[in-house]
Structure formats: C-alpha cells, structure tokens
$ cat entry.txt   # compact mmCIF, N, CA and C atoms and all ligand atoms
# COMPACT_ATOMS: atom_id res chain seq x y z
N MET W 1 16.24 -5.24 -24.11
CA MET W 1 14.94 -4.64 -23.87
C MET W 1 13.99 -5.65 -23.28
N LYS W 2 13.00 -5.14 -22.57
CA LYS W 2 12.01 -6.01 -21.92
C LYS W 2 10.61 -5.57 -22.31
N MET W 3 9.72 -6.54 -22.43
CA MET W 3 8.31 -6.24 -22.60
C MET W 3 7.63 -6.40 -21.25
N VAL W 4 6.98 -5.34 -20.81
CA VAL W 4 6.23 -5.38 -19.56
C VAL W 4 4.76 -5.44 -19.94
N ALA W 5 4.11 -6.55 -19.62
CA ALA W 5 2.69 -6.72 -19.92
C ALA W 5 1.95 -6.81 -18.59
N ALA W 6 1.00 -5.92 -18.40
CA ALA W 6 0.26 -5.90 -17.14
C ALA W 6 -1.21 -6.13 -17.43
N VAL W 7 -1.80 -7.09 -16.73
CA VAL W 7 -3.25 -7.31 -16.82
C VAL W 7 -3.88 -6.57 -15.65
N ILE W 8 -4.76 -5.63 -15.97
CA ILE W 8 -5.27 -4.71 -14.94
C ILE W 8 -6.80 -4.58 -15.06
N LYS W 9 -7.37 -3.91 -14.06
CA LYS W 9 -8.80 -3.60 -14.10
C LYS W 9 -9.04 -2.37 -14.98
N HIS W 10 -10.19 -2.36 -15.66
CA HIS W 10 -10.49 -1.27 -16.59
C HIS W 10 -10.37 0.12 -15.97
N PHE W 11 -10.89 0.28 -14.77
CA PHE W 11 -10.98 1.64 -14.22
C PHE W 11 -9.62 2.22 -13.87
N LYS W 12 -8.56 1.42 -13.97
CA LYS W 12 -7.21 1.90 -13.67
C LYS W 12 -6.45 2.37 -14.91
N LEU W 13 -7.08 2.27 -16.07
CA LEU W 13 -6.33 2.55 -17.30
C LEU W 13 -5.78 3.98 -17.34
N ASP W 14 -6.65 4.96 -17.09
CA ASP W 14 -6.20 6.36 -17.19
C ASP W 14 -5.07 6.66 -16.20
N GLU W 15 -5.22 6.11 -15.00
CA GLU W 15 -4.22 6.37 -13.97
C GLU W 15 -2.86 5.78 -14.38
N VAL W 16 -2.88 4.58 -14.90
CA VAL W 16 -1.61 3.95 -15.26
C VAL W 16 -1.01 4.63 -16.50
N LYS W 17 -1.87 5.01 -17.43
CA LYS W 17 -1.39 5.72 -18.63
C LYS W 17 -0.74 7.04 -18.21
N ASP W 18 -1.44 7.82 -17.39
CA ASP W 18 -0.90 9.11 -16.97
C ASP W 18 0.43 8.94 -16.22
N SER W 19 0.50 7.94 -15.36
CA SER W 19 1.74 7.71 -14.60
C SER W 19 2.89 7.32 -15.52
N LEU W 20 2.60 6.50 -16.52
CA LEU W 20 3.66 6.07 -17.43
C LEU W 20 4.13 7.24 -18.31
N VAL W 21 3.20 8.05 -18.78
CA VAL W 21 3.57 9.23 -19.58
C VAL W 21 4.42 10.16 -18.72
N GLN W 22 3.98 10.36 -17.48
CA GLN W 22 4.73 11.19 -16.53
C GLN W 22 6.16 10.68 -16.35
N ALA W 23 6.31 9.36 -16.36
CA ALA W 23 7.63 8.74 -16.17
C ALA W 23 8.46 8.77 -17.46
N GLY W 24 7.87 9.28 -18.56
CA GLY W 24 8.64 9.44 -19.78
C GLY W 24 8.51 8.31 -20.79
N ILE W 25 7.56 7.40 -20.53
CA ILE W 25 7.35 6.30 -21.48
C ILE W 25 6.72 6.85 -22.76
N GLN W 26 7.22 6.40 -23.90
CA GLN W 26 6.86 7.01 -25.19
C GLN W 26 5.81 6.25 -25.97
N GLY W 27 5.38 5.11 -25.48
CA GLY W 27 4.36 4.36 -26.20
C GLY W 27 3.84 3.21 -25.37
N MET W 28 2.62 2.82 -25.64
CA MET W 28 2.07 1.62 -25.00
C MET W 28 0.93 1.07 -25.84
N THR W 29 0.60 -0.18 -25.61
CA THR W 29 -0.50 -0.85 -26.32
C THR W 29 -1.49 -1.36 -25.29
N VAL W 30 -2.77 -1.20 -25.59
CA VAL W 30 -3.83 -1.69 -24.69
C VAL W 30 -4.72 -2.66 -25.46
N THR W 31 -5.03 -3.77 -24.82
CA THR W 31 -5.90 -4.78 -25.43
C THR W 31 -6.96 -5.20 -24.43
N GLU W 32 -8.18 -5.40 -24.91
CA GLU W 32 -9.22 -5.98 -24.07
C GLU W 32 -9.00 -7.47 -24.01
N VAL W 33 -8.92 -8.01 -22.80
CA VAL W 33 -8.69 -9.45 -22.65
C VAL W 33 -9.68 -10.01 -21.63
N LYS W 34 -9.70 -11.30 -21.51
CA LYS W 34 -10.47 -11.96 -20.47
C LYS W 34 -9.55 -12.91 -19.76
N GLY W 35 -9.75 -13.07 -18.47
CA GLY W 35 -8.87 -14.00 -17.78
C GLY W 35 -9.40 -14.36 -16.41
N PHE W 36 -8.66 -15.23 -15.77
CA PHE W 36 -8.94 -15.53 -14.36
C PHE W 36 -7.64 -15.76 -13.63
N GLY W 37 -7.66 -15.55 -12.35
CA GLY W 37 -6.51 -15.79 -11.50
C GLY W 37 -6.84 -16.85 -10.46
N ARG W 38 -6.26 -16.70 -9.29
CA ARG W 38 -6.40 -17.75 -8.28
C ARG W 38 -7.82 -17.97 -7.79
N GLN W 39 -8.64 -16.89 -7.85
CA GLN W 39 -10.04 -17.04 -7.38
C GLN W 39 -10.94 -17.59 -8.47
N LYS W 40 -10.35 -17.87 -9.61
CA LYS W 40 -11.08 -18.46 -10.74
C LYS W 40 -12.28 -17.61 -11.17
N GLY W 41 -12.11 -16.30 -11.09
CA GLY W 41 -13.16 -15.40 -11.56
C GLY W 41 -14.28 -15.15 -10.57
N HIS W 42 -14.07 -15.53 -9.32
CA HIS W 42 -15.09 -15.32 -8.30
C HIS W 42 -14.56 -14.40 -7.20
N ILE W 43 -15.49 -13.73 -6.55
CA ILE W 43 -15.09 -12.77 -5.53
C ILE W 43 -14.66 -13.48 -4.25
N GLU W 44 -15.36 -14.54 -3.90
CA GLU W 44 -15.01 -15.27 -2.70
C GLU W 44 -14.91 -16.75 -3.02
N ILE W 45 -14.13 -17.44 -2.23
CA ILE W 45 -14.04 -18.89 -2.36
C ILE W 45 -14.70 -19.50 -1.13
N TYR W 46 -15.69 -20.32 -1.34
CA TYR W 46 -16.32 -21.01 -0.22
C TYR W 46 -15.71 -22.38 -0.10
N ARG W 47 -15.28 -22.69 1.10
CA ARG W 47 -14.64 -23.98 1.32
C ARG W 47 -15.59 -25.13 0.99
N GLY W 48 -15.09 -26.07 0.25
CA GLY W 48 -15.90 -27.26 -0.03
C GLY W 48 -16.88 -27.10 -1.17
N THR W 49 -17.01 -25.88 -1.68
CA THR W 49 -17.92 -25.68 -2.81
C THR W 49 -17.10 -25.61 -4.09
N SER W 50 -17.47 -26.39 -5.05
CA SER W 50 -16.72 -26.30 -6.30
C SER W 50 -17.47 -25.40 -7.28
N TYR W 51 -16.72 -24.58 -7.93
CA TYR W 51 -17.26 -23.57 -8.82
C TYR W 51 -16.83 -23.81 -10.24
N GLU W 52 -17.60 -23.34 -11.16
CA GLU W 52 -17.08 -23.28 -12.52
C GLU W 52 -16.14 -22.07 -12.59
N VAL W 53 -15.17 -22.15 -13.45
CA VAL W 53 -14.22 -21.05 -13.64
C VAL W 53 -14.85 -20.04 -14.58
N ARG W 54 -14.77 -18.76 -14.22
CA ARG W 54 -15.34 -17.70 -15.07
C ARG W 54 -14.24 -16.78 -15.55
N PHE W 55 -14.35 -16.37 -16.79
CA PHE W 55 -13.45 -15.35 -17.31
C PHE W 55 -14.01 -13.97 -16.96
N LEU W 56 -13.14 -13.12 -16.46
CA LEU W 56 -13.53 -11.74 -16.19
C LEU W 56 -12.85 -10.82 -17.20
N PRO W 57 -13.57 -9.77 -17.63
CA PRO W 57 -12.95 -8.82 -18.56
C PRO W 57 -11.84 -8.02 -17.87
N LYS W 58 -10.72 -7.92 -18.54
CA LYS W 58 -9.57 -7.17 -18.02
C LYS W 58 -8.95 -6.39 -19.18
N LEU W 59 -8.04 -5.52 -18.87
CA LEU W 59 -7.23 -4.86 -19.89
C LEU W 59 -5.81 -5.33 -19.76
N LYS W 60 -5.16 -5.50 -20.90
CA LYS W 60 -3.72 -5.80 -20.88
C LYS W 60 -2.99 -4.60 -21.48
N ILE W 61 -2.08 -4.05 -20.72
CA ILE W 61 -1.24 -2.99 -21.26
C ILE W 61 0.15 -3.56 -21.50
N GLU W 62 0.75 -3.13 -22.59
CA GLU W 62 2.09 -3.61 -22.94
C GLU W 62 3.00 -2.41 -23.17
N VAL W 63 4.12 -2.42 -22.52
CA VAL W 63 5.10 -1.35 -22.65
C VAL W 63 6.48 -1.97 -22.86
N ALA W 64 7.12 -1.61 -23.95
CA ALA W 64 8.48 -2.06 -24.20
C ALA W 64 9.44 -1.04 -23.60
N VAL W 65 10.39 -1.52 -22.82
CA VAL W 65 11.31 -0.61 -22.12
C VAL W 65 12.75 -1.10 -22.24
N SER W 66 13.67 -0.15 -22.10
CA SER W 66 15.07 -0.55 -22.00
C SER W 66 15.28 -1.20 -20.63
N GLU W 67 16.27 -2.06 -20.54
CA GLU W 67 16.44 -2.83 -19.31
C GLU W 67 16.70 -1.94 -18.11
N ASP W 68 17.37 -0.81 -18.35
CA ASP W 68 17.68 0.05 -17.20
C ASP W 68 16.45 0.77 -16.64
N ARG W 69 15.33 0.73 -17.36
CA ARG W 69 14.12 1.35 -16.85
C ARG W 69 13.10 0.33 -16.34
N LEU W 70 13.47 -0.94 -16.39
CA LEU W 70 12.50 -1.99 -16.09
C LEU W 70 11.89 -1.86 -14.68
N GLU W 71 12.74 -1.78 -13.69
CA GLU W 71 12.22 -1.77 -12.31
C GLU W 71 11.40 -0.52 -12.03
N GLU W 72 11.82 0.59 -12.62
CA GLU W 72 11.07 1.84 -12.46
C GLU W 72 9.66 1.69 -13.05
N VAL W 73 9.58 1.12 -14.25
CA VAL W 73 8.28 0.96 -14.92
C VAL W 73 7.39 -0.01 -14.14
N ILE W 74 7.99 -1.07 -13.63
CA ILE W 74 7.21 -2.01 -12.81
C ILE W 74 6.63 -1.30 -11.60
N SER W 75 7.43 -0.49 -10.93
CA SER W 75 6.88 0.16 -9.73
C SER W 75 5.88 1.26 -10.07
N VAL W 76 6.08 1.94 -11.19
CA VAL W 76 5.09 2.95 -11.62
C VAL W 76 3.73 2.27 -11.87
N ILE W 77 3.76 1.15 -12.58
CA ILE W 77 2.51 0.43 -12.88
C ILE W 77 1.88 -0.07 -11.59
N ARG W 78 2.70 -0.66 -10.76
CA ARG W 78 2.18 -1.25 -9.52
C ARG W 78 1.54 -0.18 -8.64
N LYS W 79 2.22 0.94 -8.54
CA LYS W 79 1.70 2.03 -7.71
C LYS W 79 0.37 2.55 -8.27
N ALA W 80 0.28 2.62 -9.59
CA ALA W 80 -0.93 3.19 -10.22
C ALA W 80 -2.13 2.26 -10.09
N VAL W 81 -1.93 0.95 -10.14
CA VAL W 81 -3.09 0.06 -10.20
C VAL W 81 -3.40 -0.63 -8.88
N TYR W 82 -2.54 -0.48 -7.90
CA TYR W 82 -2.73 -1.17 -6.62
C TYR W 82 -3.96 -0.66 -5.87
N THR W 83 -4.81 -1.60 -5.46
CA THR W 83 -5.88 -1.24 -4.52
C THR W 83 -5.77 -2.07 -3.24
N GLY W 84 -5.06 -3.19 -3.32
CA GLY W 84 -4.97 -4.10 -2.19
C GLY W 84 -6.03 -5.18 -2.20
N GLU W 85 -6.94 -5.09 -3.17
CA GLU W 85 -8.01 -6.09 -3.30
C GLU W 85 -7.56 -7.23 -4.21
N ILE W 86 -8.22 -8.38 -4.07
CA ILE W 86 -7.94 -9.46 -5.02
C ILE W 86 -8.26 -8.99 -6.43
N GLY W 87 -7.54 -9.56 -7.39
CA GLY W 87 -7.79 -9.20 -8.78
C GLY W 87 -7.14 -7.90 -9.21
N ASP W 88 -6.23 -7.37 -8.42
CA ASP W 88 -5.51 -6.15 -8.80
C ASP W 88 -4.72 -6.34 -10.09
N GLY W 89 -4.37 -7.58 -10.38
CA GLY W 89 -3.71 -7.86 -11.65
C GLY W 89 -2.33 -8.43 -11.49
N LYS W 90 -1.66 -8.54 -12.60
CA LYS W 90 -0.36 -9.19 -12.60
C LYS W 90 0.49 -8.57 -13.68
N ILE W 91 1.79 -8.56 -13.45
CA ILE W 91 2.74 -7.99 -14.41
C ILE W 91 3.65 -9.11 -14.90
N PHE W 92 3.73 -9.24 -16.20
CA PHE W 92 4.57 -10.26 -16.82
C PHE W 92 5.72 -9.56 -17.55
N VAL W 93 6.93 -10.05 -17.33
CA VAL W 93 8.10 -9.44 -17.96
C VAL W 93 8.75 -10.48 -18.88
N SER W 94 9.04 -10.07 -20.10
CA SER W 94 9.72 -10.99 -21.02
C SER W 94 10.78 -10.24 -21.82
N ASP W 95 11.67 -11.01 -22.40
CA ASP W 95 12.74 -10.42 -23.22
C ASP W 95 12.22 -10.01 -24.58
N ILE W 96 12.75 -8.92 -25.10
CA ILE W 96 12.46 -8.51 -26.48
C ILE W 96 13.77 -8.61 -27.25
N GLU W 97 13.73 -9.29 -28.37
CA GLU W 97 14.94 -9.46 -29.16
C GLU W 97 15.30 -8.17 -29.91
N ASP W 98 14.31 -7.53 -30.49
CA ASP W 98 14.59 -6.30 -31.23
C ASP W 98 13.31 -5.49 -31.40
N VAL W 99 13.47 -4.21 -31.65
CA VAL W 99 12.35 -3.32 -31.95
C VAL W 99 12.76 -2.51 -33.17
N ILE W 100 11.86 -2.36 -34.10
CA ILE W 100 12.16 -1.60 -35.31
C ILE W 100 11.11 -0.50 -35.49
N ARG W 101 11.54 0.74 -35.56
CA ARG W 101 10.61 1.82 -35.90
C ARG W 101 10.47 1.82 -37.42
N ILE W 102 9.28 1.56 -37.89
CA ILE W 102 9.07 1.33 -39.33
C ILE W 102 9.47 2.55 -40.16
N ARG W 103 9.09 3.74 -39.70
CA ARG W 103 9.34 4.94 -40.51
C ARG W 103 10.82 5.20 -40.76
N THR W 104 11.63 5.01 -39.72
CA THR W 104 13.03 5.42 -39.80
C THR W 104 14.02 4.26 -39.92
N GLY W 105 13.55 3.05 -39.54
CA GLY W 105 14.47 1.93 -39.49
C GLY W 105 15.29 1.88 -38.20
N ASP W 106 15.04 2.80 -37.27
CA ASP W 106 15.72 2.75 -35.98
C ASP W 106 15.51 1.37 -35.35
N ARG W 107 16.54 0.92 -34.66
CA ARG W 107 16.44 -0.40 -34.03
C ARG W 107 16.86 -0.35 -32.58
N GLY W 108 16.35 -1.34 -31.83
CA GLY W 108 16.73 -1.48 -30.44
C GLY W 108 16.25 -0.31 -29.60
N ASP W 109 17.05 0.05 -28.58
CA ASP W 109 16.66 1.14 -27.67
C ASP W 109 16.26 2.40 -28.41
N ALA W 110 16.92 2.68 -29.53
CA ALA W 110 16.64 3.91 -30.29
C ALA W 110 15.24 3.90 -30.88
N ALA W 111 14.64 2.72 -30.99
CA ALA W 111 13.31 2.60 -31.60
C ALA W 111 12.18 2.65 -30.55
N LEU W 112 12.54 2.68 -29.27
CA LEU W 112 11.51 2.65 -28.22
C LEU W 112 10.77 3.98 -28.12
N1 LIG A 201 -0.77 -17.40 -14.16
C1 LIG A 201 -1.38 -16.55 -15.01
N2 LIG A 201 -1.19 -16.66 -16.33
C2 LIG A 201 -1.78 -15.82 -17.20
N3 LIG A 201 -2.60 -14.83 -16.83
C3 LIG A 201 -2.82 -14.67 -15.53
C4 LIG A 201 -2.23 -15.51 -14.55
N4 LIG A 201 -2.64 -15.09 -13.33
C5 LIG A 201 -3.43 -14.04 -13.54
N5 LIG A 201 -3.55 -13.79 -14.85
C6 LIG A 201 -4.32 -12.72 -15.48
O1 LIG A 201 -4.36 -11.62 -14.58
C7 LIG A 201 -5.68 -11.30 -14.24
C8 LIG A 201 -5.73 -10.82 -12.81
O2 LIG A 201 -5.22 -11.82 -11.99
P1 LIG A 201 -5.33 -11.67 -10.42
O3 LIG A 201 -4.92 -10.31 -10.04
O4 LIG A 201 -6.69 -12.10 -9.96
O5 LIG A 201 -4.22 -12.73 -9.98
P2 LIG A 201 -4.20 -13.62 -8.66
O6 LIG A 201 -2.99 -14.49 -8.77
O7 LIG A 201 -5.53 -14.28 -8.47
O8 LIG A 201 -3.90 -12.56 -7.49
P3 LIG A 201 -4.95 -12.04 -6.35
O9 LIG A 201 -4.96 -13.09 -5.31
O10 LIG A 201 -4.38 -10.73 -5.91
O11 LIG A 201 -6.30 -11.87 -7.02
C9 LIG A 201 -6.46 -12.57 -14.52
O12 LIG A 201 -7.83 -12.29 -14.80
C10 LIG A 201 -5.75 -13.11 -15.75
O13 LIG A 201 -6.20 -12.43 -16.90
MG MG A 202 -7.25 -13.14 -8.32
$ encode --input "entry.txt" --output "structure tokens"
Amino acid sequence: MKMVAAVIKHFKLDEVKDSLVQAGIQGMTVTEVKGFGRQKGHIEIYRGTSYEVRFLPKLKIEVAVSEDRLEEVISVIRKAVYTGEIGDGKIFVSDIEDVIRIRTGDRGDAAL
C-alpha cells in the first residue's frame, strides 16, 4: 500500500474530494498546513533581491491506496488541482506497512 499526500490550495478541496470519491476512494484525511516551495512563499522572484521566506496556508490531503491504484489516484488528484500556476502543490508518495480497521480488525488492502 502507498500513502499519497498532496499539498494543495484551499479552493481545490471540494474538486479533489469529489474526483476521488468518483474514482471509488473510500476515505481521506485533510489537514491545515503551512509551507513554502521554490518561490519561498512569494508570488514573484525579483533578481538580486533577497526575501524572507514566508509560510503560506495550504491543505494537505492524505489518501491510502493499494499499489495497483496508485497511478490512477495520482492522476485524479493532479487533474483536479492543476491550474498551471506556481504553487499548484506537490504530491508525496510513501510506503505504508499496514492498515488496520479498528472496528473489524481488517488489515492491509481489506482495511482501506
Ligand atoms: N520539498 C518540499 N518538501 C516539503 N513540502 C514541500 C516541498 N515543496 C513544496 N512543499 C509543500 O507544497 C506546497 C506547494 O508547493 P509548490 O507547489 O509551490 O511547489 P514548487 O516546487 O514551488 O512548485 P511551483 O514552481 O509549481 O510553485 C508548499 O507550500 C509546501 O507546503
Ligand atoms: Mg512554488
């Protein structure tokens, strides 16, 4: 299993949620986060001007998926949040060792 964590802009949350539900995803987690990317929290970079780095408010969505759905989920997220502008966000993929559904004790793919 893989954990897909995407840092996105707030206004894209509903679109990405609806797209993931449409694709059959059964759960997700959303967290308010702050971060910066290559522009260091600024809209433009002026050559020769040094800036302080600013944190911008973002949302992080996390979706645990079976490996066979990984690429599909990545493209669903990407399609939903893409604007082509800087700061569109980033998707981080990591391994999940196990998942346990507390109520039933289901494990692994069966617990997703
Ligand atoms: N290397 C990183 N490590 C951890 N978080 C990151 C990293 N890069 C980006 N992020 C998170 O993703 C958010 C959005 O990043 P952003 O889309 O601006 O990335 P970027 O690399 O600057 O790409 P772009 O040039 O398209 O803006 C950041 O505010 C930060 O929260
Ligand atoms: Mg950026």
$ residues_near_ligand --input "entry.txt" --ligand "ligand MG 202 (chain A)" --cutoff "10 Å" --atoms "only C-alpha atoms and all ligand atoms" --output "list in words"
Gly35, Phe36, Gly37, Arg38, Gln39, Lys40, Gly41, His42, Ile43, Glu44, Glu85, Ile86, Gly87, Asp88, Gly89 and Lys90 of chain W
$ select_by_dssp --input "entry.txt" --residues "segment 43-91 of chain W" --states "alpha helix (DSSP H)" --output "PDB file with N, CA and C atoms, in the frame of the given file"
ATOM      1  N   LEU W  70      13.470  -0.940 -16.390  1.00  0.00           N
ATOM      2  CA  LEU W  70      12.500  -1.990 -16.090  1.00  0.00           C
ATOM      3  C   LEU W  70      11.890  -1.860 -14.680  1.00  0.00           C
ATOM      4  N   GLU W  71      12.740  -1.780 -13.690  1.00  0.00           N
ATOM      5  CA  GLU W  71      12.220  -1.770 -12.310  1.00  0.00           C
ATOM      6  C   GLU W  71      11.400  -0.520 -12.030  1.00  0.00           C
ATOM      7  N   GLU W  72      11.820   0.590 -12.620  1.00  0.00           N
ATOM      8  CA  GLU W  72      11.070   1.840 -12.460  1.00  0.00           C
ATOM      9  C   GLU W  72       9.660   1.690 -13.050  1.00  0.00           C
ATOM     10  N   VAL W  73       9.580   1.120 -14.250  1.00  0.00           N
ATOM     11  CA  VAL W  73       8.280   0.960 -14.920  1.00  0.00           C
ATOM     12  C   VAL W  73       7.390  -0.010 -14.140  1.00  0.00           C
ATOM     13  N   ILE W  74       7.990  -1.070 -13.630  1.00  0.00           N
ATOM     14  CA  ILE W  74       7.210  -2.010 -12.810  1.00  0.00           C
ATOM     15  C   ILE W  74       6.630  -1.300 -11.600  1.00  0.00           C
ATOM     16  N   SER W  75       7.430  -0.490 -10.930  1.00  0.00           N
ATOM     17  CA  SER W  75       6.880   0.160  -9.730  1.00  0.00           C
ATOM     18  C   SER W  75       5.880   1.260 -10.070  1.00  0.00           C
ATOM     19  N   VAL W  76       6.080   1.940 -11.190  1.00  0.00           N
ATOM     20  CA  VAL W  76       5.090   2.950 -11.620  1.00  0.00           C
ATOM     21  C   VAL W  76       3.730   2.270 -11.870  1.00  0.00           C
ATOM     22  N   ILE W  77       3.760   1.150 -12.580  1.00  0.00           N
ATOM     23  CA  ILE W  77       2.510   0.430 -12.880  1.00  0.00           C
ATOM     24  C   ILE W  77       1.880  -0.070 -11.590  1.00  0.00           C
ATOM     25  N   ARG W  78       2.700  -0.660 -10.760  1.00  0.00           N
ATOM     26  CA  ARG W  78       2.180  -1.250  -9.520  1.00  0.00           C
ATOM     27  C   ARG W  78       1.540  -0.180  -8.640  1.00  0.00           C
ATOM     28  N   LYS W  79       2.220   0.940  -8.540  1.00  0.00           N
ATOM     29  CA  LYS W  79       1.700   2.030  -7.710  1.00  0.00           C
ATOM     30  C   LYS W  79       0.370   2.550  -8.270  1.00  0.00           C
ATOM     31  N   ALA W  80       0.280   2.620  -9.590  1.00  0.00           N
ATOM     32  CA  ALA W  80      -0.930   3.190 -10.220  1.00  0.00           C
ATOM     33  C   ALA W  80      -2.130   2.260 -10.090  1.00  0.00           C
ATOM     34  N   VAL W  81      -1.930   0.950 -10.140  1.00  0.00           N
ATOM     35  CA  VAL W  81      -3.090   0.060 -10.200  1.00  0.00           C
ATOM     36  C   VAL W  81      -3.400  -0.630  -8.880  1.00  0.00           C
TER      37      VAL W  81
END
$ residues_around --input "entry.txt" --residues "Ala5 of chain W" --least-positions-apart "5" --cutoff "10 Å" --atoms "only C-alpha atoms" --output "mmCIF file with N, CA and C atoms, in the coordinates of the input"
data_model
loop_
_atom_site.group_PDB
_atom_site.id
_atom_site.type_symbol
_atom_site.label_atom_id
_atom_site.label_comp_id
_atom_site.auth_asym_id
_atom_site.auth_seq_id
_atom_site.Cartn_x
_atom_site.Cartn_y
_atom_site.Cartn_z
ATOM 1 N N MET W 28 2.620 2.820 -25.640
ATOM 2 C CA MET W 28 2.070 1.620 -25.000
ATOM 3 C C MET W 28 0.930 1.070 -25.840
ATOM 4 N N THR W 29 0.600 -0.180 -25.610
ATOM 5 C CA THR W 29 -0.500 -0.850 -26.320
ATOM 6 C C THR W 29 -1.490 -1.360 -25.290
ATOM 7 N N VAL W 30 -2.770 -1.200 -25.590
ATOM 8 C CA VAL W 30 -3.830 -1.690 -24.690
ATOM 9 C C VAL W 30 -4.720 -2.660 -25.460
ATOM 10 N N LYS W 60 -5.160 -5.500 -20.900
ATOM 11 C CA LYS W 60 -3.720 -5.800 -20.880
ATOM 12 C C LYS W 60 -2.990 -4.600 -21.480
ATOM 13 N N ILE W 61 -2.080 -4.050 -20.720
ATOM 14 C CA ILE W 61 -1.240 -2.990 -21.260
ATOM 15 C C ILE W 61 0.150 -3.560 -21.500
ATOM 16 N N GLU W 62 0.750 -3.130 -22.590
ATOM 17 C CA GLU W 62 2.090 -3.610 -22.940
ATOM 18 C C GLU W 62 3.000 -2.410 -23.170
ATOM 19 N N VAL W 63 4.120 -2.420 -22.520
ATOM 20 C CA VAL W 63 5.100 -1.350 -22.650
ATOM 21 C C VAL W 63 6.480 -1.970 -22.860
ATOM 22 N N ALA W 64 7.120 -1.610 -23.950
ATOM 23 C CA ALA W 64 8.480 -2.060 -24.200
ATOM 24 C C ALA W 64 9.440 -1.040 -23.600
ATOM 25 N N ILE W 74 7.990 -1.070 -13.630
ATOM 26 C CA ILE W 74 7.210 -2.010 -12.810
ATOM 27 C C ILE W 74 6.630 -1.300 -11.600
ATOM 28 N N LYS W 90 -1.660 -8.540 -12.600
ATOM 29 C CA LYS W 90 -0.360 -9.190 -12.600
ATOM 30 C C LYS W 90 0.490 -8.570 -13.680
ATOM 31 N N ILE W 91 1.790 -8.560 -13.450
ATOM 32 C CA ILE W 91 2.740 -7.990 -14.410
ATOM 33 C C ILE W 91 3.650 -9.110 -14.900
ATOM 34 N N PHE W 92 3.730 -9.240 -16.200
ATOM 35 C CA PHE W 92 4.570 -10.260 -16.820
ATOM 36 C C PHE W 92 5.720 -9.560 -17.550
ATOM 37 N N VAL W 93 6.930 -10.050 -17.330
ATOM 38 C CA VAL W 93 8.100 -9.440 -17.960
ATOM 39 C C VAL W 93 8.750 -10.480 -18.880
ATOM 40 N N SER W 94 9.040 -10.070 -20.100
ATOM 41 C CA SER W 94 9.720 -10.990 -21.020
ATOM 42 C C SER W 94 10.780 -10.240 -21.820
#
$ select_by_dssp --input "entry.txt" --residues "segment 24-104 of chain W" --states "strand (DSSP E or B)" --output "MDAnalysis selection string"
chainID W and resid 29:35 56:65 90:95 100
$ residues_near_point --input "entry.txt" --point "(9.2, -2.2, -24.0)" --cutoff "7 Å" --atoms "all atoms listed in the file" --output "list in words"
Met1, Lys2, Met3, Val4, Glu62, Val63, Ala64, Val65, Ser66 and Leu112 of chain W
$ write_last_selection --input "entry.txt" --atoms "N, CA and C atoms" --output "PDB file, in the frame of the given file"
ATOM      1  N   MET W   1      16.240  -5.240 -24.110  1.00  0.00           N
ATOM      2  CA  MET W   1      14.940  -4.640 -23.870  1.00  0.00           C
ATOM      3  C   MET W   1      13.990  -5.650 -23.280  1.00  0.00           C
ATOM      4  N   LYS W   2      13.000  -5.140 -22.570  1.00  0.00           N
ATOM      5  CA  LYS W   2      12.010  -6.010 -21.920  1.00  0.00           C
ATOM      6  C   LYS W   2      10.610  -5.570 -22.310  1.00  0.00           C
ATOM      7  N   MET W   3       9.720  -6.540 -22.430  1.00  0.00           N
ATOM      8  CA  MET W   3       8.310  -6.240 -22.600  1.00  0.00           C
ATOM      9  C   MET W   3       7.630  -6.400 -21.250  1.00  0.00           C
ATOM     10  N   VAL W   4       6.980  -5.340 -20.810  1.00  0.00           N
ATOM     11  CA  VAL W   4       6.230  -5.380 -19.560  1.00  0.00           C
ATOM     12  C   VAL W   4       4.760  -5.440 -19.940  1.00  0.00           C
ATOM     13  N   GLU W  62       0.750  -3.130 -22.590  1.00  0.00           N
ATOM     14  CA  GLU W  62       2.090  -3.610 -22.940  1.00  0.00           C
ATOM     15  C   GLU W  62       3.000  -2.410 -23.170  1.00  0.00           C
ATOM     16  N   VAL W  63       4.120  -2.420 -22.520  1.00  0.00           N
ATOM     17  CA  VAL W  63       5.100  -1.350 -22.650  1.00  0.00           C
ATOM     18  C   VAL W  63       6.480  -1.970 -22.860  1.00  0.00           C
ATOM     19  N   ALA W  64       7.120  -1.610 -23.950  1.00  0.00           N
ATOM     20  CA  ALA W  64       8.480  -2.060 -24.200  1.00  0.00           C
ATOM     21  C   ALA W  64       9.440  -1.040 -23.600  1.00  0.00           C
ATOM     22  N   VAL W  65      10.390  -1.520 -22.820  1.00  0.00           N
ATOM     23  CA  VAL W  65      11.310  -0.610 -22.120  1.00  0.00           C
ATOM     24  C   VAL W  65      12.750  -1.100 -22.240  1.00  0.00           C
ATOM     25  N   SER W  66      13.670  -0.150 -22.100  1.00  0.00           N
ATOM     26  CA  SER W  66      15.070  -0.550 -22.000  1.00  0.00           C
ATOM     27  C   SER W  66      15.280  -1.200 -20.630  1.00  0.00           C
ATOM     28  N   LEU W 112      12.540   2.680 -29.270  1.00  0.00           N
ATOM     29  CA  LEU W 112      11.510   2.650 -28.220  1.00  0.00           C
ATOM     30  C   LEU W 112      10.770   3.980 -28.120  1.00  0.00           C
TER      31      LEU W 112
END
